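Note sheet for the following structure.
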Amino acid sequence: MTYKGYTARIEYDDSDKIFFGRLAGLRDIVTFHGESVAELETAFHESVDDYLAACEKLGQKPEKPTSGLLMLRVPPEVHSAALIAAQAAGTSLNQWAAKALTEAARR
């Protein structure tokens with residue numbers, strides 16, 4: 001589930017017969033639960049809205065899951081191979097890496 005740029009990690013608790021979730025990619029802990037998918041989605045939206053309102057009330061900037069800036073350390077031979085692959089594809093290394101990560105994340 002995604003709402004206002006936040007994505008939820010969802011699990012099912014068989015003993016309590018509920019779905020529960022947590023906002024992914026944040027240090028802050030924001031959780032929610034529901035007995036049905038509809039309840040879960042409503043609780044998710046409420047949790048995001050409550051989190052944003054609490055941050056505003058406290059004068060804090062809400063965490064964002066990602067900034068779009070990704071710094072990686074890879075072995076020099078991987079860096080070289082990626083650069084050659086990007087040049088062969090006629091793209092920048094950044095564009096090539098973004099495409100490779102997008103394809104890998106979809107699997």
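Naming works like this for the structure tokens: A, B, ... for the chains as they're shown, residue 1 at the start of each chain, ligands 1 onward in shown order.
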
Write out as a Markdown table the residues of range 42-82 of chain A that have any atom within 12 Å of an atom of range 5-8 of chain A, one row each with the nearest atom pair and its distance in Å to one decimal, counting only C-alpha atoms, sorted by chain and then rising number.
```
| residue | atom | partner | partner_atom | distance |
| --- | --- | --- | --- | --- |
| A:Ala43 | CA | A:Ala8 | CA | 11.1 |
| A:Phe44 | CA | A:Ala8 | CA | 7.7 |
| A:His45 | CA | A:Tyr6 | CA | 9.6 |
| A:Ser47 | CA | A:Ala8 | CA | 10.5 |
| A:Val48 | CA | A:Tyr6 | CA | 7.6 |
| A:Asp49 | CA | A:Tyr6 | CA | 10.6 |
| A:Tyr51 | CA | A:Tyr6 | CA | 10.9 |
| A:Leu52 | CA | A:Tyr6 | CA | 10.9 |
| A:Pro62 | CA | A:Tyr6 | CA | 10.9 |
| A:Glu63 | CA | A:Tyr6 | CA | 9.7 |
| A:Lys64 | CA | A:Tyr6 | CA | 7.5 |
| A:Pro65 | CA | A:Tyr6 | CA | 6.7 |
| A:Thr66 | CA | A:Gly5 | CA | 9.4 |
| A:Ser67 | CA | A:Gly5 | CA | 11.2 |
```

Can I get the selection written as an mmCIF file, in the first residue's frame, with N, CA, C and O atoms?
```
data_model
loop_
_atom_site.group_PDB
_atom_site.id
_atom_site.type_symbol
_atom_site.label_atom_id
_atom_site.label_comp_id
_atom_site.auth_asym_id
_atom_site.auth_seq_id
_atom_site.Cartn_x
_atom_site.Cartn_y
_atom_site.Cartn_z
ATOM 1 N N ALA A 43 -6.906 2.336 8.252
ATOM 2 C CA ALA A 43 -5.976 2.540 9.364
ATOM 3 C C ALA A 43 -4.624 3.046 8.862
ATOM 4 O O ALA A 43 -3.986 3.887 9.508
ATOM 5 N N PHE A 44 -4.185 2.560 7.714
ATOM 6 C CA PHE A 44 -2.933 3.009 7.110
ATOM 7 C C PHE A 44 -3.004 4.500 6.802
ATOM 8 O O PHE A 44 -2.118 5.277 7.172
ATOM 9 N N HIS A 45 -4.071 4.919 6.147
ATOM 10 C CA HIS A 45 -4.244 6.336 5.808
ATOM 11 C C HIS A 45 -4.293 7.189 7.077
ATOM 12 O O HIS A 45 -3.665 8.255 7.138
ATOM 13 N N SER A 47 -2.978 6.498 9.983
ATOM 14 C CA SER A 47 -1.661 6.512 10.615
ATOM 15 C C SER A 47 -0.722 7.496 9.931
ATOM 16 O O SER A 47 0.017 8.233 10.597
ATOM 17 N N VAL A 48 -0.745 7.527 8.603
ATOM 18 C CA VAL A 48 0.089 8.486 7.869
ATOM 19 C C VAL A 48 -0.357 9.905 8.199
ATOM 20 O O VAL A 48 0.470 10.772 8.519
ATOM 21 N N ASP A 49 -1.667 10.159 8.156
ATOM 22 C CA ASP A 49 -2.183 11.494 8.457
ATOM 23 C C ASP A 49 -1.837 11.901 9.886
ATOM 24 O O ASP A 49 -1.433 13.051 10.141
ATOM 25 N N TYR A 51 0.679 10.774 11.711
ATOM 26 C CA TYR A 51 2.126 10.981 11.767
ATOM 27 C C TYR A 51 2.485 12.379 11.258
ATOM 28 O O TYR A 51 3.246 13.118 11.895
ATOM 29 N N LEU A 52 1.926 12.752 10.115
ATOM 30 C CA LEU A 52 2.211 14.070 9.542
ATOM 31 C C LEU A 52 1.714 15.192 10.454
ATOM 32 O O LEU A 52 2.404 16.198 10.650
ATOM 33 N N PRO A 62 8.666 15.689 8.879
ATOM 34 C CA PRO A 62 8.425 14.241 8.813
ATOM 35 C C PRO A 62 9.495 13.557 7.981
ATOM 36 O O PRO A 62 10.008 14.132 7.019
ATOM 37 N N GLU A 63 9.858 12.366 8.407
ATOM 38 C CA GLU A 63 10.822 11.589 7.629
ATOM 39 C C GLU A 63 10.203 11.226 6.298
ATOM 40 O O GLU A 63 9.014 10.956 6.205
ATOM 41 N N LYS A 64 11.026 11.203 5.290
ATOM 42 C CA LYS A 64 10.616 10.703 3.982
ATOM 43 C C LYS A 64 11.370 9.402 3.761
ATOM 44 O O LYS A 64 12.540 9.287 4.130
ATOM 45 N N PRO A 65 10.708 8.412 3.172
ATOM 46 C CA PRO A 65 11.359 7.111 2.995
ATOM 47 C C PRO A 65 12.629 7.175 2.152
ATOM 48 O O PRO A 65 13.579 6.470 2.429
ATOM 49 N N THR A 66 12.663 8.038 1.157
ATOM 50 C CA THR A 66 13.841 8.112 0.289
ATOM 51 C C THR A 66 14.009 9.519 -0.230
ATOM 52 O O THR A 66 13.052 10.291 -0.324
ATOM 53 N N SER A 67 15.234 9.836 -0.593
ATOM 54 C CA SER A 67 15.520 11.162 -1.138
ATOM 55 C C SER A 67 15.752 11.115 -2.647
ATOM 56 O O SER A 67 15.720 12.134 -3.311
#
```

Selected residue, from A:Thr91, A:Lys61, A:Ala97, A:Arg27, that lies nearest to His79 in chain A when counting only C-alpha atoms: A:Ala97

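Shortest separation to Ala54 in chain A among A:Ala88, A:Asp28, A:Ser15, A:Tyr3 occurs at residue A:Asp28, atoms counted being only C-alpha atoms.
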
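The interatomic distance for the pair CA of Phe20 in chain A and CA of Phe32 in chain A works out to 5.7 Å.
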
Selection: 8 Å around Arg22 in chain A, only C-alpha atoms, excl. self and same-chain fewer than 4 positions, as a PyMOL selection string: chain A and resi 8-10+29-32

Save the residues we just selected, C-alpha atoms, as a PDB file, in the first residue's frame?
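Full text of again11.pdb as output:
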```pdb
ATOM      1  CA  ALA A   8       3.527   0.075   4.110  1.00  0.00           C
ATOM      2  CA  ARG A   9       4.934  -3.334   4.890  1.00  0.00           C
ATOM      3  CA  ILE A  10       1.963  -5.619   5.581  1.00  0.00           C
ATOM      4  CA  ILE A  29       7.841   3.682  14.118  1.00  0.00           C
ATOM      5  CA  VAL A  30       4.389   4.126  12.588  1.00  0.00           C
ATOM      6  CA  THR A  31       2.106   1.072  12.786  1.00  0.00           C
ATOM      7  CA  PHE A  32      -1.526   0.197  12.103  1.00  0.00           C
TER       8      PHE A  32
END
```

Atomic separation - CA of Ser36 in chain A relative to CA of Lys17 in chain A, Å: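 Rounded to one decimal, the two atoms are 9.3 Å apart.
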
Residue contacts of Gly34 in chain A (8 Å, only C-alpha atoms) excluding same-chain residues fewer than 5 positions away, as a ChimeraX atom specification: /A:18-20,39-41,43

Convert the current residue selection to file output with N, CA, C and O atoms, as a compact mmCIF listing (two decimals), in the first residue's frame.
```
# COMPACT_ATOMS: atom_id res chain seq x y z
N ILE A 18 -5.59 -10.76 12.34
CA ILE A 18 -5.58 -9.38 11.88
C ILE A 18 -4.40 -9.17 10.93
O ILE A 18 -3.41 -9.89 10.97
N PHE A 19 -4.57 -8.17 10.07
CA PHE A 19 -3.48 -7.68 9.26
C PHE A 19 -2.84 -6.54 10.06
O PHE A 19 -3.53 -5.79 10.75
N PHE A 20 -1.52 -6.42 9.97
CA PHE A 20 -0.87 -5.29 10.61
C PHE A 20 0.24 -4.79 9.71
O PHE A 20 0.76 -5.52 8.87
N GLU A 39 -10.37 -2.22 6.31
CA GLU A 39 -9.99 -1.65 7.61
C GLU A 39 -8.51 -1.31 7.65
O GLU A 39 -8.10 -0.28 8.18
N LEU A 40 -7.69 -2.20 7.09
CA LEU A 40 -6.25 -2.00 7.07
C LEU A 40 -5.90 -0.74 6.28
O LEU A 40 -5.09 0.08 6.72
N GLU A 41 -6.52 -0.58 5.12
CA GLU A 41 -6.24 0.59 4.29
C GLU A 41 -6.66 1.88 4.99
O GLU A 41 -5.92 2.87 4.98
N ALA A 43 -6.91 2.34 8.25
CA ALA A 43 -5.98 2.54 9.36
C ALA A 43 -4.62 3.05 8.86
O ALA A 43 -3.99 3.89 9.51
```
